[in-house]
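Engineer: Contents are TSV, C-alpha atoms; file name upload-v1.tsv:
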```tsv
chain	number	residue	atom	x	y	z
A	1	MET	CA	0.46	38.19	-15.23
A	2	ARG	CA	0.14	34.98	-13.27
A	3	THR	CA	2.11	34.51	-10.09
A	4	LYS	CA	3.96	31.34	-9.20
A	5	LEU	CA	3.58	31.71	-5.47
A	6	VAL	CA	0.00	32.35	-4.49
A	7	ILE	CA	-1.17	33.29	-1.03
A	8	LEU	CA	-4.09	31.06	-0.37
A	9	PHE	CA	-6.91	31.33	1.97
A	10	ALA	CA	-9.35	28.76	3.14
A	11	ILE	CA	-12.73	28.08	4.59
A	12	ALA	CA	-13.20	25.83	7.52
A	13	PHE	CA	-16.37	25.87	9.47
A	14	ALA	CA	-15.25	27.21	12.86
A	15	LEU	CA	-11.77	26.16	11.71
A	16	GLN	CA	-12.35	22.60	12.88
A	17	PHE	CA	-11.08	20.84	9.80
A	18	ASN	CA	-13.31	17.81	9.90
A	19	THR	CA	-12.77	17.29	6.19
A	20	THR	CA	-9.09	18.08	5.95
A	21	PHE	CA	-7.65	14.62	6.41
A	22	ALA	CA	-10.60	12.50	5.30
A	23	GLN	CA	-9.00	9.42	3.74
A	24	GLY	CA	-12.18	8.46	1.96
A	25	CYS	CA	-15.35	10.41	1.20
A	26	GLU	CA	-16.43	11.13	4.76
A	27	ASP	CA	-15.49	13.67	7.38
A	28	ASP	CA	-13.59	12.64	10.48
A	29	VAL	CA	-15.86	10.66	12.77
A	30	PRO	CA	-16.55	12.46	16.07
A	31	THR	CA	-15.44	10.58	19.17
A	32	GLY	CA	-16.32	10.82	22.81
A	33	ALA	CA	-12.94	9.76	24.14
A	34	THR	CA	-10.61	12.49	25.46
A	35	SER	CA	-7.71	10.99	23.48
A	36	GLY	CA	-9.65	11.27	20.24
A	37	VAL	CA	-9.75	7.47	19.86
A	38	PRO	CA	-13.11	5.66	20.13
A	39	SER	CA	-13.30	2.92	22.76
A	40	THR	CA	-16.36	0.96	21.62
A	41	SER	CA	-17.19	-1.12	18.56
A	42	SER	CA	-19.66	0.21	15.98
A	43	THR	CA	-20.92	-0.13	12.42
A	44	THR	CA	-22.49	2.67	10.37
A	45	PHE	CA	-23.95	2.57	6.88
A	46	PHE	CA	-23.75	5.86	4.99
A	47	GLY	CA	-23.73	7.39	1.55
A	48	TYR	CA	-24.79	10.27	-0.67
A	49	ILE	CA	-26.14	10.86	-4.16
A	50	GLN	CA	-25.62	13.90	-6.38
A	51	PRO	CA	-28.00	14.14	-9.33
A	52	GLU	CA	-26.90	16.98	-11.59
A	53	TYR	CA	-27.90	18.99	-14.66
A	54	ASP	CA	-25.14	20.47	-16.83
A	55	SER	CA	-25.56	22.96	-19.66
A	56	HIS	CA	-22.50	23.83	-21.76
A	57	PHE	CA	-22.74	26.96	-23.88
A	58	THR	CA	-20.67	25.60	-26.73
A	59	ASP	CA	-21.38	25.64	-30.46
A	60	PRO	CA	-23.36	23.45	-30.81
A	61	GLY	CA	-24.66	23.53	-27.25
A	62	GLU	CA	-24.74	20.52	-24.95
A	63	ASN	CA	-26.81	19.69	-21.89
A	64	THR	CA	-27.50	16.56	-19.89
A	65	PHE	CA	-28.84	15.11	-16.66
A	66	LYS	CA	-26.38	12.84	-14.85
A	67	PHE	CA	-25.09	11.67	-11.50
A	68	LYS	CA	-21.93	13.43	-10.37
A	69	ARG	CA	-21.51	10.77	-7.67
A	70	ALA	CA	-23.65	8.00	-6.17
A	71	ARG	CA	-21.70	6.41	-3.32
A	72	PHE	CA	-22.58	3.93	-0.60
A	73	GLY	CA	-20.40	2.67	2.20
A	74	VAL	CA	-19.92	1.21	5.64
A	75	ARG	CA	-17.52	2.19	8.40
A	76	GLY	CA	-17.01	1.11	11.96
A	77	ARG	CA	-14.77	-0.37	14.62
A	78	ILE	CA	-13.61	-3.90	15.24
A	79	ASN	CA	-12.22	-3.16	18.70
A	80	ARG	CA	-10.40	-0.38	20.54
A	81	SER	CA	-7.42	-0.57	18.20
A	82	PHE	CA	-8.82	-1.13	14.69
A	83	SER	CA	-11.41	0.62	12.53
A	84	PHE	CA	-12.53	-0.05	8.96
A	85	TYR	CA	-14.00	1.89	6.03
A	86	ALA	CA	-15.31	0.77	2.63
A	87	MET	CA	-17.21	2.59	-0.13
A	88	ILE	CA	-18.42	1.80	-3.64
A	89	GLU	CA	-19.06	4.16	-6.57
A	90	THR	CA	-22.18	3.37	-8.60
A	91	SER	CA	-22.33	6.38	-10.95
A	92	ASP	CA	-21.84	5.47	-14.63
A	93	PHE	CA	-20.48	8.98	-15.20
A	94	ILE	CA	-17.43	8.33	-12.99
A	95	ALA	CA	-16.42	4.76	-13.84
A	96	SER	CA	-14.68	4.61	-17.21
A	97	ASP	CA	-16.39	1.29	-18.05
A	98	GLY	CA	-19.75	2.20	-16.54
A	99	ASN	CA	-19.54	-0.48	-13.85
A	100	VAL	CA	-19.83	-0.29	-10.08
A	101	TYR	CA	-16.41	-0.48	-8.42
A	102	LEU	CA	-14.77	-0.52	-5.01
A	103	MET	CA	-13.35	2.95	-4.43
A	104	ASP	CA	-12.15	3.23	-0.83
A	105	ALA	CA	-11.41	0.24	1.41
A	106	PHE	CA	-8.93	0.48	4.26
A	107	VAL	CA	-8.25	-0.76	7.76
A	108	THR	CA	-6.79	1.65	10.34
A	109	TYR	CA	-4.85	0.98	13.52
A	110	ASP	CA	-5.78	4.08	15.52
A	111	LYS	CA	-5.11	3.24	19.15
A	112	HIS	CA	-2.59	6.08	19.43
A	113	GLU	CA	-3.52	9.59	18.36
A	114	TRP	CA	-0.15	10.49	16.80
A	115	THR	CA	0.83	7.15	15.23
A	116	LYS	CA	-2.10	5.74	13.31
A	117	PHE	CA	-1.63	3.41	10.34
A	118	SER	CA	-3.97	2.73	7.41
A	119	VAL	CA	-3.59	0.09	4.71
A	120	GLY	CA	-5.75	-0.41	1.62
A	121	SER	CA	-7.10	1.96	-1.02
A	122	PHE	CA	-7.69	5.61	-0.14
A	123	LYS	CA	-7.04	9.17	-1.28
A	124	GLN	CA	-3.50	10.38	-1.77
A	125	PRO	CA	-2.64	12.62	1.20
A	126	PHE	CA	-1.96	15.64	-1.00
A	127	GLY	CA	-3.66	19.02	-1.02
A	128	LEU	CA	-6.49	20.72	0.79
A	129	GLU	CA	-9.16	20.37	-1.88
A	130	VAL	CA	-8.50	16.71	-2.69
A	131	ALA	CA	-8.58	15.86	1.01
A	132	THR	CA	-11.93	17.64	1.43
A	133	ALA	CA	-14.82	15.19	1.42
A	134	CYS	CA	-16.69	15.33	-1.91
A	135	HIS	CA	-19.99	16.17	-0.23
A	136	SER	CA	-18.36	19.12	1.59
A	137	LEU	CA	-16.92	20.88	-1.48
A	138	SER	CA	-18.08	24.49	-1.82
A	139	THR	CA	-18.13	24.27	-5.64
A	140	ILE	CA	-19.50	21.41	-7.71
A	141	ASP	CA	-16.13	20.78	-9.40
A	142	ARG	CA	-12.73	20.76	-7.80
A	143	ALA	CA	-10.12	23.11	-9.26
A	144	ILE	CA	-8.52	22.08	-12.55
A	145	VAL	CA	-5.10	21.81	-10.90
A	146	SER	CA	-6.46	19.42	-8.25
A	147	ASP	CA	-7.98	17.12	-10.87
A	148	GLN	CA	-5.07	17.22	-13.31
A	149	ILE	CA	-1.96	17.14	-11.11
A	150	VAL	CA	-3.11	15.20	-8.05
A	151	ALA	CA	-3.77	12.12	-10.14
A	152	PRO	CA	-4.49	9.37	-9.53
A	153	GLN	CA	-6.40	10.85	-6.60
A	154	ARG	CA	-6.94	7.36	-5.18
A	155	ASP	CA	-4.40	4.58	-4.93
A	156	LEU	CA	-3.36	1.55	-2.90
A	157	GLY	CA	-0.78	1.79	-0.15
A	158	LEU	CA	0.20	2.21	3.48
A	159	MET	CA	-0.16	5.48	5.36
A	160	MET	CA	0.98	6.80	8.73
A	161	LEU	CA	-0.94	9.74	10.15
A	162	GLY	CA	-1.44	11.66	13.35
A	163	GLY	CA	-3.50	14.38	14.97
A	164	THR	CA	-7.22	15.08	14.94
A	165	SER	CA	-9.56	17.98	14.24
A	166	LYS	CA	-8.91	19.09	17.84
A	167	THR	CA	-5.12	19.36	17.52
A	168	LYS	CA	-3.14	22.26	16.02
A	169	PHE	CA	-0.83	19.98	14.03
A	170	ARG	CA	-1.82	17.14	11.72
A	171	TYR	CA	0.22	15.03	9.32
A	172	SER	CA	0.02	12.04	6.98
A	173	VAL	CA	2.74	10.24	5.00
A	174	ALA	CA	2.01	7.38	2.60
A	175	LEU	CA	3.78	4.79	0.47
A	176	MET	CA	1.59	4.14	-2.58
A	177	ASN	CA	1.75	2.26	-5.89
A	178	GLY	CA	1.18	5.35	-8.00
A	179	THR	CA	-0.86	3.51	-10.63
A	180	GLY	CA	-4.38	4.10	-9.31
A	181	LEU	CA	-7.16	1.81	-8.17
A	182	GLY	CA	-7.31	-1.81	-9.28
A	183	LEU	CA	-3.80	-1.83	-10.74
A	184	LYS	CA	-0.56	-3.41	-9.59
A	185	ASP	CA	2.53	-1.25	-9.36
A	186	ASN	CA	4.39	-1.02	-12.68
A	187	ASN	CA	7.85	-0.82	-11.04
A	188	THR	CA	9.59	-1.70	-7.77
A	189	LYS	CA	9.73	1.85	-6.40
A	190	LYS	CA	6.84	3.29	-4.40
A	191	ASP	CA	5.51	6.85	-4.44
A	192	VAL	CA	6.08	8.81	-1.23
A	193	ILE	CA	3.32	11.35	-0.56
A	194	GLY	CA	2.76	13.54	2.48
A	195	ARG	CA	0.83	16.46	3.89
A	196	ALA	CA	0.92	18.50	7.09
A	197	THR	CA	-1.08	21.44	8.46
A	198	TYR	CA	-0.56	23.68	11.47
A	199	LYS	CA	-3.06	26.04	13.08
A	200	LEU	CA	-1.06	29.22	13.66
A	201	PHE	CA	-3.91	31.28	15.08
A	202	ASP	CA	-7.61	30.83	15.74
A	203	PHE	CA	-8.28	32.32	12.31
A	204	MET	CA	-5.35	30.90	10.33
A	205	THR	CA	-3.98	27.49	9.37
A	206	VAL	CA	-1.12	26.81	6.95
A	207	GLY	CA	-0.10	23.58	5.27
A	208	GLY	CA	2.06	21.93	2.67
A	209	SER	CA	2.19	18.75	0.59
A	210	PHE	CA	4.80	16.83	-1.37
A	211	ARG	CA	5.03	13.81	-3.69
A	212	MET	CA	8.14	11.95	-4.87
A	213	ALA	CA	6.96	9.47	-7.48
A	214	TYR	CA	7.99	7.00	-10.20
A	215	PRO	CA	4.89	6.90	-12.43
A	216	ASN	CA	6.09	4.51	-15.14
A	217	ASN	CA	9.52	3.06	-14.33
A	218	GLU	CA	12.42	3.26	-11.87
A	219	ASP	CA	14.42	5.84	-13.84
A	220	ASN	CA	12.05	8.72	-14.59
A	221	ASP	CA	10.75	10.45	-11.48
A	222	ARG	CA	8.10	13.03	-10.66
A	223	LYS	CA	8.19	15.78	-8.04
A	224	THR	CA	5.12	17.66	-6.81
A	225	TYR	CA	4.82	20.40	-4.19
A	226	GLY	CA	1.78	22.16	-2.76
A	227	ALA	CA	1.10	25.00	-0.33
A	228	GLU	CA	-2.09	26.12	1.39
A	229	VAL	CA	-3.34	28.73	3.86
A	230	VAL	CA	-6.67	28.90	5.66
A	231	LEU	CA	-8.36	32.02	7.02
A	232	SER	CA	-11.79	32.56	8.54
A	233	TYR	CA	-13.38	35.77	9.78
A	234	ASN	CA	-16.92	35.59	11.14
A	235	ALA	CA	-19.16	34.55	8.22
A	236	LEU	CA	-16.43	35.01	5.60
A	237	LYS	CA	-14.36	31.98	4.65
A	238	VAL	CA	-11.72	31.86	1.95
A	239	GLN	CA	-9.48	29.06	0.73
A	240	GLY	CA	-6.87	28.42	-1.89
A	241	GLU	CA	-3.74	26.50	-2.76
A	242	TYR	CA	-0.86	26.42	-5.19
A	243	ILE	CA	0.55	23.23	-6.76
A	244	TYR	CA	3.74	22.81	-8.82
A	245	ASP	CA	4.59	19.57	-10.65
A	246	GLU	CA	7.44	18.39	-12.85
A	247	GLY	CA	8.84	15.24	-14.43
A	248	ASP	CA	7.27	12.05	-15.75
A	249	TYR	CA	3.59	11.20	-15.27
A	250	ASN	CA	1.28	8.27	-15.90
A	251	ARG	CA	-0.81	9.08	-18.96
A	252	ALA	CA	-3.19	6.21	-18.13
A	253	ALA	CA	-4.13	7.74	-14.77
A	254	GLU	CA	-7.57	9.33	-14.91
A	255	GLY	CA	-8.33	12.82	-13.69
A	256	GLY	CA	-10.35	13.42	-10.55
A	257	CYS	CA	-14.05	12.42	-10.48
A	258	GLY	CA	-14.33	11.67	-14.19
A	259	SER	CA	-12.43	14.68	-15.55
A	260	VAL	CA	-10.55	14.14	-18.81
A	261	PRO	CA	-6.76	14.04	-18.24
A	262	LEU	CA	-4.73	16.57	-20.23
A	263	GLU	CA	-1.39	16.15	-21.96
A	264	LEU	CA	1.19	17.72	-19.64
A	265	GLY	CA	4.54	19.33	-20.36
A	266	GLU	CA	7.75	18.79	-18.39
A	267	LYS	CA	6.73	21.46	-15.85
A	268	ARG	CA	3.20	22.47	-14.87
A	269	GLU	CA	1.45	24.48	-12.16
A	270	GLY	CA	-1.86	25.85	-11.03
A	271	ALA	CA	-3.65	27.58	-8.19
A	272	TYR	CA	-7.05	28.70	-7.01
A	273	VAL	CA	-8.56	31.04	-4.45
A	274	MET	CA	-12.13	30.65	-3.24
A	275	ALA	CA	-14.36	32.70	-0.94
A	276	THR	CA	-17.70	31.88	0.67
A	277	TYR	CA	-19.97	33.95	2.88
A	278	ASP	CA	-22.63	32.49	5.18
A	279	VAL	CA	-25.54	34.89	4.77
A	280	ASN	CA	-27.47	32.65	7.16
A	281	GLU	CA	-27.62	28.94	7.98
A	282	LYS	CA	-29.22	28.18	4.60
A	283	LEU	CA	-27.68	30.54	2.04
A	284	GLN	CA	-24.00	30.64	1.04
A	285	PRO	CA	-22.71	32.47	-2.07
A	286	VAL	CA	-19.30	31.38	-3.40
A	287	PHE	CA	-16.68	32.86	-5.73
A	288	LYS	CA	-13.70	30.95	-7.10
A	289	TYR	CA	-10.84	32.00	-9.38
A	290	GLU	CA	-8.34	29.49	-10.71
A	291	TYR	CA	-5.68	28.98	-13.31
A	292	PHE	CA	-3.82	25.97	-14.67
A	293	ASP	CA	-0.78	25.87	-16.96
A	294	GLN	CA	-0.21	22.39	-18.36
A	295	ASP	CA	3.17	23.28	-19.89
A	296	LEU	CA	5.25	26.13	-18.43
A	297	ASP	CA	7.74	25.98	-21.31
A	298	ILE	CA	5.14	26.89	-23.94
A	299	LYS	CA	3.65	30.38	-23.73
A	300	LYS	CA	-0.12	30.86	-24.02
A	301	ILE	CA	-0.76	27.24	-25.08
A	302	GLY	CA	-2.33	24.96	-22.52
A	303	TYR	CA	-3.01	27.85	-20.13
A	304	GLN	CA	-6.49	28.03	-18.61
A	305	GLU	CA	-8.29	30.45	-16.33
A	306	MET	CA	-11.77	30.08	-14.92
A	307	MET	CA	-14.08	31.99	-12.58
A	308	THR	CA	-16.94	30.23	-10.83
A	309	LEU	CA	-19.92	32.11	-9.37
A	310	GLY	CA	-22.21	29.99	-7.25
A	311	ILE	CA	-24.90	29.67	-4.64
A	312	ASN	CA	-25.18	26.91	-2.06
A	313	TYR	CA	-28.62	26.51	-0.50
A	314	PHE	CA	-28.90	24.15	2.46
A	315	VAL	CA	-32.46	22.81	2.48
A	316	SER	CA	-31.57	20.84	5.61
A	317	LYS	CA	-28.47	19.45	7.32
A	318	ASN	CA	-28.27	16.58	4.81
A	319	THR	CA	-29.76	18.20	1.70
A	320	ARG	CA	-28.03	20.87	-0.37
A	321	LEU	CA	-28.67	22.56	-3.71
A	322	GLN	CA	-25.69	23.99	-5.61
A	323	VAL	CA	-25.76	26.25	-8.66
A	324	ASN	CA	-22.47	27.17	-10.38
A	325	TYR	CA	-21.76	29.33	-13.42
A	326	GLN	CA	-18.30	28.63	-14.86
A	327	ASN	CA	-16.77	31.47	-16.88
A	328	LYS	CA	-13.79	30.06	-18.78
A	329	ILE	CA	-11.22	32.65	-19.81
A	330	GLU	CA	-8.94	32.23	-22.82
A	331	THR	CA	-5.66	34.10	-23.30
A	332	GLY	CA	-5.85	33.86	-27.08
A	333	LEU	CA	-8.89	33.32	-29.31
A	334	SER	CA	-12.16	33.50	-27.36
A	335	VAL	CA	-14.19	30.28	-27.38
A	336	ASP	CA	-17.81	29.69	-26.38
A	337	ASN	CA	-17.33	27.19	-23.56
A	338	ASP	CA	-18.95	28.57	-20.41
A	339	ALA	CA	-21.14	26.21	-18.39
A	340	LEU	CA	-24.03	26.22	-15.93
A	341	LEU	CA	-24.08	23.37	-13.40
A	342	MET	CA	-26.88	22.52	-10.96
A	343	GLN	CA	-26.61	19.76	-8.39
A	344	LEU	CA	-28.88	18.44	-5.64
A	345	GLN	CA	-27.12	16.46	-2.91
A	346	VAL	CA	-28.67	14.16	-0.31
A	347	LYS	CA	-26.60	12.49	2.42
A	348	PHE	CA	-27.70	9.68	4.67
```
Would you mind giving the structure from this file in structure tokens?
Structural biologist:
Amino acid sequence: MRTKLVILFAIAFALQFNTTFAQGCEDDVPTGATSGVPSTSSTTFFGYIQPEYDSHFTDPGENTFKFKRARFGVRGRINRSFSFYAMIETSDFIASDGNVYLMDAFVTYDKHEWTKFSVGSFKQPFGLEVATACHSLSTIDRAIVSDQIVAPQRDLGLMMLGGTSKTKFRYSVALMNGTGLGLKDNNTKKDVIGRATYKLFDFMTVGGSFRMAYPNNEDNDRKTYGAEVVLSYNALKVQGEYIYDEGDYNRAAEGGCGSVPLELGEKREGAYVMATYDVNEKLQPVFKYEYFDQDLDIKKIGYQEMMTLGINYFVSKNTRLQVNYQNKIETGLSVDNDALLMQLQVKF
């Protein structure tokens, strides 16, 4: 029997959440200044590619080579007060029309550690897994609930944020269109989205997220809530989160990283828990359990469970091989739909 409030646990290398509040696809940029704010100008070109092979054990079977992501960007500083970040997606398997598009592009006023402001296109500040940089995910796919409910994952807006990977408390609050990238708002009300985390102990961090949205018009709203907990003990790291969502939603908004959006009921929820263990600096097994219920008012229809067994092998600091076996669990009639995913990632 599924539980509506899930205690979640999370990985964080040495509990320094460099990926936790990444607005784009990169980790927080290390700084030499004691205040956490860089004091010199700079420009850095970066990117990563993720060629992948997928085999789906359906009837008939399917398999293909593809790119999960192929992203290239530039980031840097204009002066002591302003930084910039821009990234393009070139993978045909992500863009719905197969064309290259501008994904993240924002300017940040970051002179003060606790009152930074970003404007442009960036990730919604909701949830641990969505905020984690794509190249730092422990499994090849994000959880179903992250892809289906936190959508659109990227949007245009204005965000206020504070704290760094060195502080116990971090927050971000954004006003966003709610329609996704490349689209004007379809009503006069903006979505309000926020997230905060607090490091309770050296081994534990807790957090929460919220979204108050108007996906299609000014009358029908949407409310979303999320909770997360992070624990780390020596080589063992575990993470998870729970997300509840209700109300209207934009059926034109795509799921995360090319996933197919599902038809949702009035109320929906999902959660996951994931554990990794660093055998050594190269080898990291991972286990993930998740569920997603796309309509809480209908029993056994639209309910999904999945277990992922995987291995992450770090060839070098910037090269990683991931192998995931996805065991999809049905509550009713069993269906042949398991999958084996293999991905090689190179960062530069």
Engineer: Rank A:Val107, A:Val119, A:Leu200, A:Leu321 by their smallest atom-to-atom distance to A:His135, using only C-alpha atoms, and report the top residue only.
Structural biologist: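 That would be A:Leu321, the residue with the smallest distance to A:His135.
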Engineer: When you count all atoms listed in the file, which of these residues is closest to A:Phe314: A:Ser138, A:Ala227, A:Ile193, A:Asp338?
Structural biologist: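 Closest residue, counting all atoms listed in the file: A:Ser138.
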Engineer: Just how far from atom CA of A:Phe93 is atom CA of A:Ala174, in Å to one decimal?
Structural biologist: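 Going from atom CA of A:Ala174 over to atom CA of A:Phe93 covers 28.7 Å.
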Engineer: How big is the axis-aligned box, and where does its centre sit, when it encloses all atoms of stretch 311-327 of chain A listed in the file and has 8 Å added on every side, reported in Å to one decimal as lines of an AutoDock Vina configuration file?
Structural biologist:
```
center_x = -24.6
center_y = 24.0
center_z = -4.8
size_x = 31.7
size_y = 30.9
size_z = 40.2
```
Engineer: Which residues come within 9 Å of A:Asp185, counting only C-alpha atoms, excluding same-chain residues fewer than 6 positions away, as a list in words?
Structural biologist: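 My reading of the contact set: Met176, Asn177, Gly178, Thr179 and Asn216 of chain A.
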Engineer: For a quick check of understanding, using only C-alpha atoms, which of A:Lys267, A:Arg320, A:Arg77, A:Arg222 has the smallest distance to A:Asp248?
Structural biologist: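 For A:Asp248, the nearest of the candidates is A:Arg222.
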Engineer: Select, counting only C-alpha atoms, all protein, DNA and RNA residues no farther than 8 Å from (-16.2, 30.9, -12.7) in file coordinates, and express the selection as a PyMOL selection string.
Structural biologist: chain A and resi 287-289+306-309+324-328
Engineer: Select, from A:Gly240, A:Gly73, A:Gly162, A:Pro152, the residue with the minimum atom-to-atom distance to A:Thr115, counting all atoms listed in the file.
Structural biologist: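 That would be A:Gly162, the residue with the smallest distance to A:Thr115.
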Engineer: Taking (-4.9, -0.8, 19.8) in the coordinates of the supplied file, I want to know which residues reach to within 6 Å of it, counting all atoms listed in the file; could you give the answer as a PyMOL selection string?
Structural biologist: chain A and resi 80-81+111
Engineer: Those same residues, written as a short mmCIF file (atom, residue, chain, number, x, y, z; two decimals), in the coordinates of the input with C-alpha atoms?
Structural biologist:
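Saved the output as selection.cif:
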```cif
data_model
loop_
_atom_site.label_atom_id
_atom_site.label_comp_id
_atom_site.auth_asym_id
_atom_site.auth_seq_id
_atom_site.Cartn_x
_atom_site.Cartn_y
_atom_site.Cartn_z
CA ARG A 80 -10.40 -0.38 20.54
CA SER A 81 -7.42 -0.57 18.20
CA LYS A 111 -5.11 3.24 19.15
#
```
Engineer: By how many Å are atom CA of A:Phe84 and atom CA of A:Thr108 apart?
Structural biologist: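 Between these atoms lies a distance of 6.1 Å.
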Engineer: Work out how far atom CA of A:Glu269 is from atom CA of A:Arg154, in Å to one decimal.
Structural biologist: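 Taking atom CA of A:Arg154 and atom CA of A:Glu269, their separation equals 20.3 Å.
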Engineer: Neighbouring residues of A:Glu281 were defined as those with any atom within 10 Å, considering all atoms listed in the file; residues of the same chain fewer than 6 positions away were excluded. Please report them as a ChimeraX atom specification.
Structural biologist: /A:313-317
Engineer: Could you check the closest approach to A:Glu330 for each of A:Gly255, A:Gly157, A:Gly302, A:Gly310 and tell me which residue wins, using all atoms listed in the file?
Structural biologist: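 The shortest atom-to-atom distance to A:Glu330 comes from A:Gly302.
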Engineer: Name all residues at most 8 Å from stretch 206-215 of chain A (count only C-alpha atoms; drop same-chain ones fewer than 6 positions away) and give them as a compact mmCIF listing (two decimals) with C-alpha atoms, keeping the file's coordinate frame.
Structural biologist:
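Output file result.txt is given in full below:
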```
# COMPACT_ATOMS: atom_id res chain seq x y z
CA PRO A 125 -2.64 12.62 1.20
CA PHE A 126 -1.96 15.64 -1.00
CA GLY A 127 -3.66 19.02 -1.02
CA GLY A 178 1.18 5.35 -8.00
CA THR A 179 -0.86 3.51 -10.63
CA ASN A 186 4.39 -1.02 -12.68
CA ASN A 187 7.85 -0.82 -11.04
CA LYS A 189 9.73 1.85 -6.40
CA LYS A 190 6.84 3.29 -4.40
CA ASP A 191 5.51 6.85 -4.44
CA VAL A 192 6.08 8.81 -1.23
CA ILE A 193 3.32 11.35 -0.56
CA GLY A 194 2.76 13.54 2.48
CA ARG A 195 0.83 16.46 3.89
CA ALA A 196 0.92 18.50 7.09
CA THR A 197 -1.08 21.44 8.46
CA TYR A 198 -0.56 23.68 11.47
CA LYS A 199 -3.06 26.04 13.08
CA LEU A 200 -1.06 29.22 13.66
CA ASP A 221 10.75 10.45 -11.48
CA ARG A 222 8.10 13.03 -10.66
CA LYS A 223 8.19 15.78 -8.04
CA THR A 224 5.12 17.66 -6.81
CA TYR A 225 4.82 20.40 -4.19
CA GLY A 226 1.78 22.16 -2.76
CA ALA A 227 1.10 25.00 -0.33
CA GLU A 228 -2.09 26.12 1.39
CA VAL A 229 -3.34 28.73 3.86
CA VAL A 230 -6.67 28.90 5.66
CA ASP A 248 7.27 12.05 -15.75
CA TYR A 249 3.59 11.20 -15.27
CA ASN A 250 1.28 8.27 -15.90
```
Engineer: Which residues of stretch 218-298 of chain A sit at most 12 Å from stretch 139-149 of chain A, using all atoms listed in the file? Give each one's shortest atom pair and distance in Å (one decimal place), in chain and ascending residue order, as CSV.
Structural biologist:
```
residue,atom,partner,partner_atom,distance
A:Arg222,CA,A:Ile149,CA,10.9
A:Lys223,CA,A:Ile149,CA,10.7
A:Thr224,CA,A:Ile149,CA,8.3
A:Tyr225,CA,A:Ile149,CA,10.2
A:Gly226,CA,A:Ser146,CA,10.3
A:Gln239,CA,A:Ala143,CA,11.6
A:Gly240,CA,A:Ala143,CA,9.6
A:Glu241,CA,A:Ser146,CA,9.4
A:Tyr242,CA,A:Val145,CA,8.5
A:Ile243,CA,A:Val145,CA,7.1
A:Tyr244,CA,A:Ile149,CA,8.4
A:Asp245,CA,A:Ile149,CA,7.0
A:Glu246,CA,A:Ile149,CA,9.6
A:Gly247,CA,A:Ile149,CA,11.5
A:Asp248,CA,A:Ile149,CA,11.5
A:Tyr249,CA,A:Ile149,CA,9.1
A:Asn250,CA,A:Ile149,CA,10.6
A:Arg251,CA,A:Gln148,CA,10.8
A:Ala253,CA,A:Gln148,CA,9.6
A:Glu254,CA,A:Gln148,CA,8.4
A:Gly255,CA,A:Asp147,CA,5.2
A:Gly256,CA,A:Asp147,CA,4.4
A:Cys257,CA,A:Asp147,CA,7.7
A:Gly258,CA,A:Asp147,CA,9.0
A:Ser259,CA,A:Asp147,CA,6.9
A:Val260,CA,A:Gln148,CA,8.4
A:Pro261,CA,A:Gln148,CA,6.1
A:Leu262,CA,A:Gln148,CA,7.0
A:Glu263,CA,A:Gln148,CA,9.5
A:Leu264,CA,A:Gln148,CA,8.9
A:Gly265,CA,A:Ile149,CA,11.5
A:Lys267,CA,A:Ile149,CA,10.8
A:Arg268,CA,A:Ile149,CA,8.3
A:Glu269,CA,A:Val145,CA,7.2
A:Gly270,CA,A:Val145,CA,5.2
A:Ala271,CA,A:Val145,CA,6.5
A:Tyr272,CA,A:Ala143,CA,6.8
A:Val273,CA,A:Ala143,CA,9.4
A:Met274,CA,A:Thr139,CA,9.1
A:Ala275,CA,A:Thr139,CA,10.4
A:Thr276,CA,A:Thr139,CA,9.9
A:Gln284,CA,A:Thr139,CA,10.9
A:Pro285,CA,A:Thr139,CA,10.0
A:Val286,CA,A:Thr139,CA,7.5
A:Phe287,CA,A:Thr139,CA,8.7
A:Lys288,CA,A:Thr139,CA,8.1
A:Tyr289,CA,A:Ala143,CA,8.9
A:Glu290,CA,A:Ala143,CA,6.8
A:Tyr291,CA,A:Ile144,CA,7.5
A:Phe292,CA,A:Val145,CA,5.8
A:Asp293,CA,A:Val145,CA,8.5
A:Gln294,CA,A:Gln148,CA,8.7
A:Asp295,CA,A:Ile149,CA,11.9
```
Engineer: Please provide as an MDAnalysis selection string all residues within 6 Å of stretch 46-60 of chain A, with the sequence filter that same-chain residues fewer than 5 positions apart are discarded (counting only C-alpha atoms).
Structural biologist: chainID A and resid 65:73 336:348
Engineer: Tell me which protein, DNA and RNA residues are within 9 Å of A:Gly76, counting all atoms listed in the file, leaving out same-chain ones fewer than 4 positions away, and put them as a ChimeraX atom specification.
Structural biologist: /A:41-45,82-85
